[in-house]
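Just upload-v6.pdb here, PDB, C-alpha atoms, pLDDT in the B column:
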```
ATOM      1  CA  MET A 952    -113.057  51.138 117.365  1.00 59.00           C
ATOM      2  CA  GLY A 953    -110.566  48.456 116.574  1.00 64.00           C
ATOM      3  CA  GLY A 954    -107.720  49.891 118.613  1.00 72.00           C
ATOM      4  CA  GLY A 955    -104.580  49.058 116.691  1.00 85.00           C
ATOM      5  CA  LEU A 956    -106.049  49.184 113.192  1.00 87.00           C
ATOM      6  CA  PHE A 957    -107.504  52.669 113.569  1.00 83.00           C
ATOM      7  CA  THR A 958    -104.423  53.897 115.424  1.00 87.00           C
ATOM      8  CA  ALA A 959    -102.154  52.639 112.647  1.00 91.00           C
ATOM      9  CA  ALA A 960    -104.313  54.227 109.950  1.00 91.00           C
ATOM     10  CA  ALA A 961    -104.813  57.541 111.769  1.00 91.00           C
ATOM     11  CA  PRO A 962    -101.788  59.443 110.395  1.00 94.00           C
ATOM     12  CA  ALA A 963    -102.641  58.531 106.796  1.00 95.00           C
ATOM     13  CA  LEU A 964    -106.333  59.325 107.313  1.00 94.00           C
ATOM     14  CA  ILE A 965    -105.546  62.688 108.909  1.00 95.00           C
ATOM     15  CA  ASP A 966    -103.186  63.500 106.051  1.00 96.00           C
ATOM     16  CA  ARG A 967    -105.788  62.562 103.432  1.00 96.00           C
ATOM     17  CA  PHE A 968    -109.002  63.943 104.976  1.00 96.00           C
ATOM     18  CA  GLY A 969    -107.743  66.608 107.379  1.00 97.00           C
ATOM     19  CA  THR A 970    -107.730  67.052 111.117  1.00 96.00           C
ATOM     20  CA  TRP A 971    -111.232  68.460 111.512  1.00 97.00           C
ATOM     21  CA  SER A 972    -112.838  65.810 109.310  1.00 96.00           C
ATOM     22  CA  MET A 973    -111.254  63.016 111.336  1.00 95.00           C
ATOM     23  CA  LEU A 974    -112.193  64.738 114.582  1.00 95.00           C
ATOM     24  CA  ALA A 975    -115.809  64.943 113.416  1.00 97.00           C
ATOM     25  CA  LEU A 976    -115.778  61.288 112.344  1.00 92.00           C
ATOM     26  CA  THR A 977    -114.351  60.029 115.626  1.00 91.00           C
ATOM     27  CA  ALA A 978    -116.679  62.287 117.647  1.00 95.00           C
ATOM     28  CA  GLY A 979    -119.642  60.906 115.699  1.00 96.00           C
ATOM     29  CA  LEU A 980    -118.501  57.345 116.351  1.00 91.00           C
ATOM     30  CA  LEU A 981    -118.051  58.144 120.036  1.00 93.00           C
ATOM     31  CA  VAL A 982    -121.600  59.493 120.288  1.00 97.00           C
ATOM     32  CA  PHE A 983    -122.919  56.420 118.447  1.00 97.00           C
ATOM     33  CA  TRP A 984    -121.180  54.003 120.835  1.00 94.00           C
ATOM     34  CA  LEU A 985    -122.292  55.976 123.902  1.00 97.00           C
ATOM     35  CA  ILE A 986    -125.936  55.865 122.778  1.00 98.00           C
ATOM     36  CA  PHE A 987    -125.617  52.178 121.896  1.00 97.00           C
ATOM     37  CA  GLY A 988    -124.102  51.433 125.304  1.00 96.00           C
ATOM     38  CA  VAL A 989    -126.816  53.292 127.218  1.00 97.00           C
ATOM     39  CA  LEU A 990    -129.614  51.601 125.266  1.00 97.00           C
ATOM     40  CA  ASN A 991    -128.030  48.179 125.621  1.00 97.00           C
ATOM     41  CA  PHE A 992    -127.480  48.716 129.347  1.00 95.00           C
ATOM     42  CA  ARG A 993    -131.132  49.681 129.838  1.00 94.00           C
ATOM     43  CA  ARG A 994    -132.283  46.586 127.970  1.00 94.00           C
ATOM     44  CA  THR A 995    -129.975  44.374 130.059  1.00 94.00           C
ATOM     45  CA  VAL A 996    -131.234  45.895 133.330  1.00 92.00           C
ATOM     46  CA  GLN A 997    -134.869  45.486 132.267  1.00 90.00           C
ATOM     47  CA  ALA A 998    -134.262  41.849 131.279  1.00 90.00           C
ATOM     48  CA  ALA A 999    -132.607  41.147 134.631  1.00 90.00           C
ATOM     49  CA  ALA A1000    -135.523  42.732 136.512  1.00 87.00           C
ATOM     50  CA  ASN A1001    -138.059  40.403 134.892  1.00 79.00           C
TER      51      ASN A1001
END
```
Written as C-alpha coordinates, how would this file's structure read?
Amino acid sequence: MGGGLFTAAAPALIDRFGTWSMLALTAGLLVFWLIFGVLNFRRTVQAAAN
(Lines of atoms letter the chains of each structure in order from A and count residues from 1; the text may use other names and numbers.)
(Lines give C-alpha, C1' and ligand atoms only; values in the text may rest on other atoms or scores of the structure.)
Protein backbone atom coordinates (compact mmCIF):
# COMPACT_ATOMS: atom_id res chain seq x y z
CA MET A 1 0.00 0.00 0.00
CA GLY A 2 2.85 2.36 -0.55
CA GLY A 3 4.75 1.50 2.61
CA GLY A 4 6.35 4.73 3.74
CA LEU A 5 3.69 7.12 2.46
CA PHE A 6 0.81 5.39 4.23
CA THR A 7 2.89 4.84 7.36
CA ALA A 8 3.80 8.53 7.50
CA ALA A 9 0.19 9.60 6.99
CA ALA A 10 -1.30 7.06 9.42
CA PRO A 11 -1.19 9.16 12.62
CA ALA A 12 -2.87 12.13 10.93
CA LEU A 13 -5.46 9.90 9.25
CA ILE A 14 -6.26 8.11 12.51
CA ASP A 15 -6.60 11.45 14.27
CA ARG A 16 -8.91 12.81 11.57
CA PHE A 17 -11.08 9.77 10.76
CA GLY A 18 -10.78 7.63 13.89
CA THR A 19 -9.28 4.27 14.71
CA TRP A 20 -12.18 2.09 13.60
CA SER A 21 -12.62 3.90 10.28
CA MET A 22 -8.95 3.44 9.42
CA LEU A 23 -9.07 -0.19 10.54
CA ALA A 24 -12.05 -0.78 8.24
CA LEU A 25 -10.30 0.97 5.35
CA THR A 26 -7.08 -1.00 5.72
CA ALA A 27 -8.99 -4.27 6.20
CA GLY A 28 -10.95 -3.55 3.02
CA LEU A 29 -7.74 -2.85 1.12
CA LEU A 30 -6.20 -6.04 2.48
CA VAL A 31 -9.17 -8.10 1.27
CA PHE A 32 -9.00 -6.39 -2.14
CA TRP A 33 -5.29 -7.19 -2.56
CA LEU A 34 -5.76 -10.79 -1.39
CA ILE A 35 -8.54 -11.36 -3.94
CA PHE A 36 -6.50 -9.64 -6.65
CA GLY A 37 -3.47 -11.80 -5.82
CA VAL A 38 -5.44 -15.06 -5.90
CA LEU A 39 -7.10 -14.20 -9.21
CA ASN A 40 -3.83 -13.07 -10.76
CA PHE A 41 -2.06 -16.20 -9.53
CA ARG A 42 -4.74 -18.43 -11.06
CA ARG A 43 -4.46 -16.61 -14.38
CA THR A 44 -0.66 -16.95 -14.33
CA VAL A 45 -0.85 -20.69 -13.57
CA GLN A 46 -3.41 -21.25 -16.33
CA ALA A 47 -1.27 -19.32 -18.83
CA ALA A 48 1.79 -21.38 -17.89
CA ALA A 49 -0.15 -24.64 -18.31
CA ASN A 50 -1.10 -23.81 -21.90
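Taking CA of Ile986 (chain A) as the reference point, CA of Gly954 (chain A) is found at 19.6 Å.
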Worksheet item: Leaving out region 974-980 of chain A and any residue of its chain fewer than 4 positions from it, which residues lie within 12 Å of it when counting all atoms listed in the file, given as a list in words?
Response: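 Everything that qualifies: Met952, Gly953, Phe957, Thr958, Ala961, Leu964, Ile965, Phe968, Gly969, Thr970, Trp984, Leu985, Ile986 and Phe987 of chain A.
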Centre, x/y/z edge lengths, axis-aligned box for region 963-972 of chain A with 4 Å per side, as lines of an AutoDock Vina configuration file:
```
center_x = -107.7
center_y = 63.5
center_z = 107.5
size_x = 18.2
size_y = 17.9
size_z = 16.1
```
